[in-house]
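Before any comments, here is the structure.
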Amino acid sequence: MNEYPTRLNDDAPMVRFSKVSKRYGELTVLDELDLDVSANEMVSIIGPSGSGKTTVLRLLMTLEDVSDGVIYVEGEPLTHMERDGQLVPANQAYLRRQRSKIGMCFQHFNLFPHMTALENCMEGPIQVLRLSKQEARERSLDLLDMVGLSDKRDQHPIRLSGGQQQRVAIARALAMRPKVMLLDEVTSALDPEVIGEVLNVIRKLNAEHNLTVLMVTHQMGFAKEISDRVCFVYNGKIAEAGPPSQIFDAPQNPRTKQFLSAVLQAN
Amino acid sequence: MTYAEFLNEHGARLIDGSIITVQQTILAALLAIAIALVMGLMRLSSNYVVRSSATVYIEIFRGTSLLVQLYWIFFVLPLFGITLEKFTAGFIAVGMNLGAYGAEVVRGAIQSVPKGQYEAALALNMSPFSRMRRIIFPQALILMLPPWGNLFIELLKATALVSLISVTDLMFQAKQINGTTYLSIEAFGSALVIYYIMSRLVITPGMRWLERALSRHMSRA
Ligand SMILES: Nc1ncnc2c1ncn2[C@@H]1O[C@H](COP(=O)(O)OP(=O)(O)O)[C@@H](O)[C@H]1O
Ligand SMILES: [Mg+2]
């Protein structure tokens with residue numbers, strides 16, 4: 001681990017993947033992937049199914065361990081910690097400190113079924129941030145209002161549509177005040193007619209909150225409209241990255257072209 | 001002798017025995033729940049030593065006869081300086097045995113909570129303890145109530161074995177009545193009916209009620 005600095009300079013990006021690899025047994029899912037994301041940047045990750053997009057987010061959320069390489073957040077290592085001037089794999093206490101900077105929303109929402117919409121949002125602030133019930137409640141009500149679900153606050157997830165559940169999940173993640181928000185195909189499990197309401201919330205995220213967003217999506221139109229940068233993942237690496245205008249209108253990499261024309265045809 | 005006369009003469013003993021059986025059942029059930037929670041969680045530990053101690057416990061108590069375990073606790077432990085009263089030895093043996101089965105129920109229920117729930121709780125940066133207590137366990141609890149209902153019935157029936165170390169439970173009293181009167185049909189028939197009432201008319205509906213109350217409480221659906 002000598003080649004990796006124990007922390008980055010002051011001008012470090014919000015997130016840095018430094019030669020990050022992820023292997024499951026023989027299968028190499030990410031292969032020395034490098035990626036920098038600046039503060040307040042909105043980055044979309046696109047690519048074929050199974051190319052490792054979700055894995056990028058799961059590593060950053062620390063749901064999985066990296067096999068090789070280091071991820072930095074705000075210049076500090078996330079997956080590793082310093083010991084005697086060297087980086088060693090992070091222990092649980094260190095992970096818990098670093099993880100507070102990151103929030104995530106999942107394809108299948110994963111709301112807590114035994115709690116109401118409001119209780120789902122209050123859970124983290126109370127249990128983790130140790131806010132008072134009153135503070136947690138106010139914060140959660142504000143966020144439910146932001147996602148347009150004030151009137152559903154006392155409903156359990158089973159009573160909500162998929163689009164409503166995903167909006168609660170976004171509010172729940174925001175209630176923790178993360179610096180980086182990860183969205184993994186948050187509209188893929190939704191019926192077409194409710195996708196718009198979730199995309200509108202994401203537009204608000206970008207416009208009103210000081211958030212760095214990494215978004216895996218199959219909504220190419222949306223990615224083009226909202227992203228500062230688009231990364232095309234192929235074979236465990238970022239095969240091409242650039243502003244949406246470049247990726248969608250003038251892709252350089254033949255794989256990107258191939259992927260985009262396949263997606264266009266499917267639509 | 002009519003059955004009414006039989007009850008008149010021996011009913012009091014049957015009632016005394018039933019009370020002991022109920023006490024044995026409740027105490028053994030509480031012990032079984034405690035053991036099941038501890039061993040079930042230990043089985044899921046990432047620590048190899050913790051995990052395998054639980055596996056050894058569960059294997060021993062599920063893999064050998066309850067009667068032998070009861071005799072060990074009552075007759076053999078004193079040789080190692082641990083002497084228990086027969087009443088205590090009785091419910092401890094039954095509780096430890098059923099606790100081993102309960103541990104597998106607890107483990108199974110926790111493992112059937114969808115993985116996404118664990119990941120969502122982790123993404124909120126909840127501590128391992130809060131994740132279990134606030135998110136995973138409440139959902140597992142609903143899943144484990146039906147199998148626990150079956151275990152409690154097994155447990156009630158298993159308490160009849162404590163009569164073999166002379167705990168004066170329902171089975172013990174039925175045997176005593178039979179021994180002095182030779183009214184086998186009345187004595188063991190009454191015991192049969194009382195055990196059936198306790199399991200099917202008390203435990204089963206009680207657990208159903210608990211399930212309904214709990215799911216209403218959790219989802220107000
Ligand atoms: N826990 C796992 N064990 C083994 N293989 C996995 C695991 N998770 C993901 N994979 C594999 O890693 C590859 C990339 O998965 P993923 O990141 O989910 O792809 P994407 O989100 O781009 O569709 C897939 O081939 C998948 O089967
Ligand atoms: Mg995916």
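Residues in the structure tokens are named by chain (A, B, ... in the order shown) and by number from 1 within that chain; ligands are numbered from 1 in the order shown.
Using only C-alpha atoms, the residues found no farther than 7 Å from B:Phe91, other than those of its own chain fewer than 3 positions away, are Gln24, Leu27, Ala28, Phe87, Thr88, Val94 and Gly95 of chain B.
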Generate a file of the selected residues that holds C-alpha atoms, formatted as a compact mmCIF listing (two decimals), in the first residue's frame.
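Result file follows (again_7.txt):
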# COMPACT_ATOMS: atom_id res chain seq x y z
CA GLN B 24 -42.80 -26.01 34.24
CA LEU B 27 -40.38 -21.38 33.17
CA ALA B 28 -38.96 -23.70 30.50
CA PHE B 87 -38.40 -28.95 39.99
CA THR B 88 -35.50 -26.73 38.86
CA VAL B 94 -36.69 -28.85 28.98
CA GLY B 95 -35.76 -25.18 28.46
(request) Restrict the distance test to only C-alpha atoms, flag each residue of chain B within 6 Å of chain A, and return the flagged residues as a ChimeraX atom specification. (result) /B:116-117,124,126,218-219
(request) List every residue of stretch 75-178 of chain A that DSSP, applied to the backbone of this structure, assigns to alpha helix (DSSP H), and report them as an MDAnalysis selection string. (result) chainID A and resid 92:99 117:127 133:146 162:174
(message) Can you pull out the residues contacting A:Arg7? Cut-off 8 Å, using only C-alpha atoms, and skip same-chain residues under 5 positions away; I want them as a VMD selection string.
(response) chain A and resid 72 75 to 77
Can you write just those residues out, C-alpha atoms, as a CSV table (one decimal), in the first residue's frame?
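Below is the file part02.csv, written as the result:
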chain,number,residue,atom,x,y,z
A,72,TYR,CA,-10.8,8.7,-0.8
A,75,GLY,CA,-9.1,13.7,0.7
A,76,GLU,CA,-9.3,11.2,3.5
A,77,PRO,CA,-9.1,7.5,2.8
Expected answer as a PDB file with C-alpha atoms, in the first residue's frame: residues within 9 Å of ligand 2, only C-alpha atoms and all ligand atoms:
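Output contents, as saved in out27.pdb:
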ATOM      1  CA  SER A  49     -25.822  -4.569 -17.494  1.00  0.00           C
ATOM      2  CA  GLY A  50     -23.242  -6.385 -15.380  1.00  0.00           C
ATOM      3  CA  SER A  51     -20.465  -3.933 -16.220  1.00  0.00           C
ATOM      4  CA  GLY A  52     -19.948  -3.007 -12.539  1.00  0.00           C
ATOM      5  CA  LYS A  53     -21.951   0.231 -12.138  1.00  0.00           C
ATOM      6  CA  THR A  54     -23.706  -0.858  -8.972  1.00  0.00           C
ATOM      7  CA  THR A  55     -20.426  -2.160  -7.621  1.00  0.00           C
ATOM      8  CA  GLN A 107     -33.314   0.332  -6.933  1.00  0.00           C
ATOM      9  CA  ASP A 184     -28.585   3.257  -7.991  1.00  0.00           C
ATOM     10  CA  GLU A 185     -31.135   2.971 -10.794  1.00  0.00           C
ATOM     11  CA  VAL A 216     -26.388   5.002 -12.056  1.00  0.00           C
ATOM     12  CA  THR A 217     -29.171   5.308 -14.583  1.00  0.00           C
TER      13      THR A 217
END
(request) Just give me the gap between atom CA of B:Val162 and atom CA of B:Glu59 in Å, one decimal is fine. (result) 22.0 Å
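With atom CA of A:Glu197 on one side and atom CA of A:Val180 on the other, the separation reads 21.6 Å.
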(request) Measure the distance from atom CA of A:Glu3 to atom CA of A:Leu30 in Å and round it to one decimal. (result) 19.2 Å
(message) Excluding B:Thr159 and its own-chain neighbours fewer than 4 positions away, which residues fall within 12 Å of it when counting only C-alpha atoms? Please give them as a ChimeraX atom specification.
(response) /B:17-18,20-29,66-67,70,87,89-95,97-98,152-155,163-172,195
Would you save the residues of that selection, restricted to N, CA, C and O atoms, as a compact mmCIF listing (two decimals), in the first residue's frame?
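Printed below is selection26.txt as written:
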# COMPACT_ATOMS: atom_id res chain seq x y z
N GLY B 17 -51.43 -31.22 39.67
CA GLY B 17 -50.46 -31.63 38.65
C GLY B 17 -50.45 -30.66 37.48
O GLY B 17 -49.39 -30.29 36.96
N SER B 18 -51.66 -30.22 37.07
CA SER B 18 -51.73 -29.29 35.94
C SER B 18 -51.03 -27.98 36.27
O SER B 18 -50.37 -27.39 35.41
N ILE B 20 -48.51 -27.56 38.25
CA ILE B 20 -47.06 -27.77 38.14
C ILE B 20 -46.65 -27.82 36.66
O ILE B 20 -45.64 -27.23 36.25
N THR B 21 -47.47 -28.49 35.84
CA THR B 21 -47.15 -28.56 34.41
C THR B 21 -47.13 -27.17 33.79
O THR B 21 -46.22 -26.83 33.02
N VAL B 22 -48.09 -26.33 34.16
CA VAL B 22 -48.12 -24.97 33.63
C VAL B 22 -46.87 -24.21 34.09
O VAL B 22 -46.21 -23.51 33.30
N GLN B 23 -46.52 -24.37 35.35
CA GLN B 23 -45.32 -23.68 35.85
C GLN B 23 -44.07 -24.14 35.12
O GLN B 23 -43.24 -23.33 34.70
N GLN B 24 -43.95 -25.47 34.97
CA GLN B 24 -42.80 -26.01 34.24
C GLN B 24 -42.76 -25.46 32.82
O GLN B 24 -41.70 -25.09 32.31
N THR B 25 -43.93 -25.41 32.19
CA THR B 25 -43.99 -24.95 30.80
C THR B 25 -43.56 -23.49 30.69
O THR B 25 -42.76 -23.12 29.83
N ILE B 26 -44.10 -22.66 31.59
CA ILE B 26 -43.78 -21.22 31.50
C ILE B 26 -42.30 -20.98 31.79
O ILE B 26 -41.61 -20.27 31.03
N LEU B 27 -41.78 -21.61 32.83
CA LEU B 27 -40.38 -21.38 33.17
C LEU B 27 -39.46 -21.92 32.07
O LEU B 27 -38.49 -21.27 31.67
N ALA B 28 -39.79 -23.12 31.58
CA ALA B 28 -38.96 -23.70 30.50
C ALA B 28 -39.05 -22.84 29.25
O ALA B 28 -38.05 -22.64 28.56
N ALA B 29 -40.23 -22.28 28.96
CA ALA B 29 -40.40 -21.46 27.76
C ALA B 29 -39.55 -20.18 27.88
O ALA B 29 -38.88 -19.78 26.92
N LEU B 66 -33.86 -35.85 25.11
CA LEU B 66 -34.21 -34.97 26.23
C LEU B 66 -34.18 -35.74 27.55
O LEU B 66 -33.74 -35.21 28.57
N LEU B 67 -34.63 -36.97 27.51
CA LEU B 67 -34.66 -37.74 28.75
C LEU B 67 -33.25 -37.95 29.31
O LEU B 67 -33.01 -37.79 30.51
N LEU B 70 -32.13 -34.75 30.79
CA LEU B 70 -32.79 -34.54 32.09
C LEU B 70 -32.06 -35.35 33.17
O LEU B 70 -31.78 -34.83 34.26
N PHE B 87 -37.56 -29.90 40.73
CA PHE B 87 -38.40 -28.95 39.99
C PHE B 87 -37.52 -28.08 39.07
O PHE B 87 -37.81 -27.89 37.89
N ALA B 89 -34.35 -28.71 38.10
CA ALA B 89 -33.71 -29.54 37.09
C ALA B 89 -34.67 -29.81 35.93
O ALA B 89 -34.28 -29.81 34.76
N GLY B 90 -35.95 -30.01 36.26
CA GLY B 90 -36.95 -30.33 35.24
C GLY B 90 -37.08 -29.23 34.21
O GLY B 90 -36.89 -29.46 33.00
N PHE B 91 -37.37 -28.00 34.65
CA PHE B 91 -37.61 -26.97 33.62
C PHE B 91 -36.31 -26.53 32.96
O PHE B 91 -36.32 -26.10 31.80
N ILE B 92 -35.19 -26.66 33.67
CA ILE B 92 -33.92 -26.30 33.03
C ILE B 92 -33.61 -27.27 31.89
O ILE B 92 -33.23 -26.85 30.78
N ALA B 93 -33.83 -28.55 32.10
CA ALA B 93 -33.56 -29.52 31.03
C ALA B 93 -34.46 -29.26 29.83
O ALA B 93 -33.99 -29.20 28.68
N VAL B 94 -35.76 -29.08 30.09
CA VAL B 94 -36.69 -28.85 28.98
C VAL B 94 -36.36 -27.54 28.27
O VAL B 94 -36.33 -27.46 27.04
N GLY B 95 -36.07 -26.49 29.05
CA GLY B 95 -35.76 -25.18 28.46
C GLY B 95 -34.49 -25.21 27.63
O GLY B 95 -34.43 -24.64 26.54
N ASN B 97 -33.18 -27.79 26.17
CA ASN B 97 -33.41 -28.60 24.98
C ASN B 97 -34.19 -27.82 23.92
O ASN B 97 -33.76 -27.70 22.77
N LEU B 98 -35.32 -27.26 24.32
CA LEU B 98 -36.13 -26.53 23.34
C LEU B 98 -35.44 -25.24 22.90
O LEU B 98 -35.65 -24.77 21.79
N PHE B 152 -43.59 -24.19 21.37
CA PHE B 152 -44.19 -24.14 22.71
C PHE B 152 -45.05 -25.37 22.96
O PHE B 152 -45.11 -25.89 24.08
N ILE B 153 -45.72 -25.86 21.91
CA ILE B 153 -46.53 -27.07 22.08
C ILE B 153 -45.62 -28.27 22.32
O ILE B 153 -45.87 -29.09 23.21
N GLU B 154 -44.53 -28.35 21.56
CA GLU B 154 -43.55 -29.43 21.80
C GLU B 154 -43.04 -29.35 23.24
O GLU B 154 -42.86 -30.37 23.90
N LEU B 155 -42.81 -28.13 23.66
CA LEU B 155 -42.25 -27.92 25.00
C LEU B 155 -43.22 -28.38 26.08
O LEU B 155 -42.85 -29.10 27.01
N SER B 163 -41.82 -35.92 35.06
CA SER B 163 -42.42 -36.85 36.03
C SER B 163 -41.45 -37.99 36.35
O SER B 163 -41.52 -38.59 37.42
N LEU B 164 -40.52 -38.26 35.44
CA LEU B 164 -39.58 -39.36 35.64
C LEU B 164 -38.51 -39.03 36.68
O LEU B 164 -37.80 -39.92 37.14
N ILE B 165 -38.36 -37.75 37.02
CA ILE B 165 -37.50 -37.43 38.16
C ILE B 165 -38.38 -36.97 39.33
O ILE B 165 -37.94 -36.22 40.20
N SER B 166 -39.63 -37.43 39.32
CA SER B 166 -40.57 -37.23 40.43
C SER B 166 -41.01 -35.79 40.65
O SER B 166 -41.39 -35.42 41.76
N VAL B 167 -40.94 -34.97 39.62
CA VAL B 167 -41.62 -33.68 39.71
C VAL B 167 -43.11 -33.99 39.64
O VAL B 167 -43.54 -34.76 38.77
N THR B 168 -43.91 -33.40 40.55
CA THR B 168 -45.31 -33.82 40.66
C THR B 168 -46.20 -33.10 39.66
O THR B 168 -47.16 -32.43 40.01
N ASP B 169 -45.88 -33.29 38.38
CA ASP B 169 -46.66 -32.62 37.34
C ASP B 169 -47.89 -33.46 36.99
O ASP B 169 -48.19 -34.46 37.63
N LEU B 170 -48.60 -33.05 35.95
CA LEU B 170 -49.83 -33.72 35.56
C LEU B 170 -49.58 -35.21 35.28
O LEU B 170 -50.34 -36.08 35.70
N MET B 171 -48.51 -35.50 34.55
CA MET B 171 -48.22 -36.89 34.20
C MET B 171 -47.91 -37.72 35.46
O MET B 171 -48.37 -38.85 35.59
N PHE B 172 -47.17 -37.10 36.37
CA PHE B 172 -46.83 -37.78 37.63
C PHE B 172 -48.10 -38.13 38.39
O PHE B 172 -48.28 -39.27 38.85
N TYR B 195 -53.77 -32.08 28.49
CA TYR B 195 -52.66 -31.65 27.64
C TYR B 195 -53.19 -31.08 26.32
O TYR B 195 -52.70 -30.07 25.82
(message) Residues within 9 Å of A:Val168, please, as number ranges by chain. Count only C-alpha atoms; anything in the same chain fewer than 6 positions from it doesn't count.
(response) A: 109, 111, 117-118, 120-121, 143-144, 147, 149, 153, 157
With N, CA, C and O atoms retained, export the selected residues as a PDB file, in the first residue's frame.
ATOM      1  N   PHE A 109     -35.820   0.533  -3.269  1.00  0.00           N
ATOM      2  CA  PHE A 109     -36.177   1.452  -2.174  1.00  0.00           C
ATOM      3  C   PHE A 109     -35.678   0.986  -0.800  1.00  0.00           C
ATOM      4  O   PHE A 109     -35.135   1.777  -0.056  1.00  0.00           O
ATOM      5  N   LEU A 111     -37.265   0.542   1.947  1.00  0.00           N
ATOM      6  CA  LEU A 111     -37.818   1.232   3.122  1.00  0.00           C
ATOM      7  C   LEU A 111     -38.055   0.206   4.219  1.00  0.00           C
ATOM      8  O   LEU A 111     -38.223  -0.981   3.950  1.00  0.00           O
ATOM      9  N   ALA A 117     -43.725   6.437   6.805  1.00  0.00           N
ATOM     10  CA  ALA A 117     -42.830   7.261   5.997  1.00  0.00           C
ATOM     11  C   ALA A 117     -42.023   8.191   6.899  1.00  0.00           C
ATOM     12  O   ALA A 117     -40.793   8.299   6.777  1.00  0.00           O
ATOM     13  N   LEU A 118     -42.725   8.839   7.833  1.00  0.00           N
ATOM     14  CA  LEU A 118     -42.046   9.775   8.726  1.00  0.00           C
ATOM     15  C   LEU A 118     -41.036   9.052   9.622  1.00  0.00           C
ATOM     16  O   LEU A 118     -39.903   9.497   9.796  1.00  0.00           O
ATOM     17  N   ASN A 120     -39.517   6.286   9.007  1.00  0.00           N
ATOM     18  CA  ASN A 120     -38.381   5.891   8.177  1.00  0.00           C
ATOM     19  C   ASN A 120     -37.348   7.020   8.113  1.00  0.00           C
ATOM     20  O   ASN A 120     -36.151   6.779   8.217  1.00  0.00           O
ATOM     21  N   CYS A 121     -37.844   8.245   7.947  1.00  0.00           N
ATOM     22  CA  CYS A 121     -36.924   9.383   7.828  1.00  0.00           C
ATOM     23  C   CYS A 121     -36.286   9.752   9.169  1.00  0.00           C
ATOM     24  O   CYS A 121     -35.158  10.235   9.221  1.00  0.00           O
ATOM     25  N   LEU A 143     -38.257  17.460   4.768  1.00  0.00           N
ATOM     26  CA  LEU A 143     -37.813  16.677   3.615  1.00  0.00           C
ATOM     27  C   LEU A 143     -38.988  15.986   2.929  1.00  0.00           C
ATOM     28  O   LEU A 143     -39.041  15.914   1.697  1.00  0.00           O
ATOM     29  N   LEU A 144     -39.936  15.483   3.720  1.00  0.00           N
ATOM     30  CA  LEU A 144     -41.117  14.872   3.099  1.00  0.00           C
ATOM     31  C   LEU A 144     -41.877  15.919   2.307  1.00  0.00           C
ATOM     32  O   LEU A 144     -42.453  15.636   1.252  1.00  0.00           O
ATOM     33  N   VAL A 147     -40.097  16.391  -1.017  1.00  0.00           N
ATOM     34  CA  VAL A 147     -40.385  15.356  -2.014  1.00  0.00           C
ATOM     35  C   VAL A 147     -41.888  15.234  -2.292  1.00  0.00           C
ATOM     36  O   VAL A 147     -42.324  14.332  -2.997  1.00  0.00           O
ATOM     37  N   LEU A 149     -44.537  14.709  -0.166  1.00  0.00           N
ATOM     38  CA  LEU A 149     -45.274  13.606   0.464  1.00  0.00           C
ATOM     39  C   LEU A 149     -45.705  13.916   1.893  1.00  0.00           C
ATOM     40  O   LEU A 149     -45.890  13.002   2.701  1.00  0.00           O
ATOM     41  N   ARG A 153     -47.192  11.084   5.364  1.00  0.00           N
ATOM     42  CA  ARG A 153     -46.157  10.837   6.377  1.00  0.00           C
ATOM     43  C   ARG A 153     -46.512   9.712   7.336  1.00  0.00           C
ATOM     44  O   ARG A 153     -45.631   9.042   7.847  1.00  0.00           O
ATOM     45  N   PRO A 157     -44.951   1.898   4.210  1.00  0.00           N
ATOM     46  CA  PRO A 157     -44.531   1.719   2.815  1.00  0.00           C
ATOM     47  C   PRO A 157     -45.514   0.893   1.973  1.00  0.00           C
ATOM     48  O   PRO A 157     -45.726   1.193   0.805  1.00  0.00           O
TER      49      PRO A 157
END
(request) Might you pull out every residue within 9 Å of A:Met122, with only C-alpha atoms counted and same-chain residues fewer than 6 positions away left off, and present them as a VMD selection string? (result) chain A and resid 133 136 to 137 139 to 140 172 175
Mind dumping the selected residues with N, CA, C and O atoms as a PDB file, in the first residue's frame?
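Below is the file out29.pdb, written as the result:
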ATOM      1  N   LYS A 133     -36.145  13.789  19.331  1.00  0.00           N
ATOM      2  CA  LYS A 133     -37.301  13.387  18.527  1.00  0.00           C
ATOM      3  C   LYS A 133     -37.870  14.581  17.783  1.00  0.00           C
ATOM      4  O   LYS A 133     -38.232  14.498  16.608  1.00  0.00           O
ATOM      5  N   ALA A 136     -35.583  15.694  14.901  1.00  0.00           N
ATOM      6  CA  ALA A 136     -35.629  14.699  13.832  1.00  0.00           C
ATOM      7  C   ALA A 136     -36.944  14.803  13.075  1.00  0.00           C
ATOM      8  O   ALA A 136     -37.001  14.693  11.847  1.00  0.00           O
ATOM      9  N   ARG A 137     -38.011  15.056  13.833  1.00  0.00           N
ATOM     10  CA  ARG A 137     -39.329  15.149  13.238  1.00  0.00           C
ATOM     11  C   ARG A 137     -39.418  16.372  12.313  1.00  0.00           C
ATOM     12  O   ARG A 137     -39.892  16.276  11.183  1.00  0.00           O
ATOM     13  N   ARG A 139     -36.964  18.002  10.859  1.00  0.00           N
ATOM     14  CA  ARG A 139     -36.114  17.792   9.698  1.00  0.00           C
ATOM     15  C   ARG A 139     -36.794  16.857   8.697  1.00  0.00           C
ATOM     16  O   ARG A 139     -36.817  17.120   7.492  1.00  0.00           O
ATOM     17  N   SER A 140     -37.404  15.793   9.202  1.00  0.00           N
ATOM     18  CA  SER A 140     -38.023  14.799   8.331  1.00  0.00           C
ATOM     19  C   SER A 140     -39.263  15.368   7.651  1.00  0.00           C
ATOM     20  O   SER A 140     -39.513  15.106   6.471  1.00  0.00           O
ATOM     21  N   ARG A 172     -35.315   9.999   3.277  1.00  0.00           N
ATOM     22  CA  ARG A 172     -34.650   9.296   4.380  1.00  0.00           C
ATOM     23  C   ARG A 172     -33.132   9.450   4.291  1.00  0.00           C
ATOM     24  O   ARG A 172     -32.464   9.685   5.301  1.00  0.00           O
ATOM     25  N   ALA A 175     -32.039  13.044   5.117  1.00  0.00           N
ATOM     26  CA  ALA A 175     -32.171  13.416   6.530  1.00  0.00           C
ATOM     27  C   ALA A 175     -30.855  13.240   7.275  1.00  0.00           C
ATOM     28  O   ALA A 175     -30.655  13.829   8.334  1.00  0.00           O
TER      29      ALA A 175
END
(request) Considering only C-alpha atoms, return as a ChimeraX atom specification whatever protein or nucleic-acid residues lie within 9 Å of stretch 223-238 of chain A, sequence-local ones (same chain, fewer than 3 positions apart) excluded. (result) /A:21-22,28-35,41-48,50-53,203,206,215,217-220,241-248,255-256
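Using only C-alpha atoms, the smallest distance between any of B:Leu192, B:Ile185, B:Ala120, B:Ala32 and B:Gly99 comes from B:Ala32.
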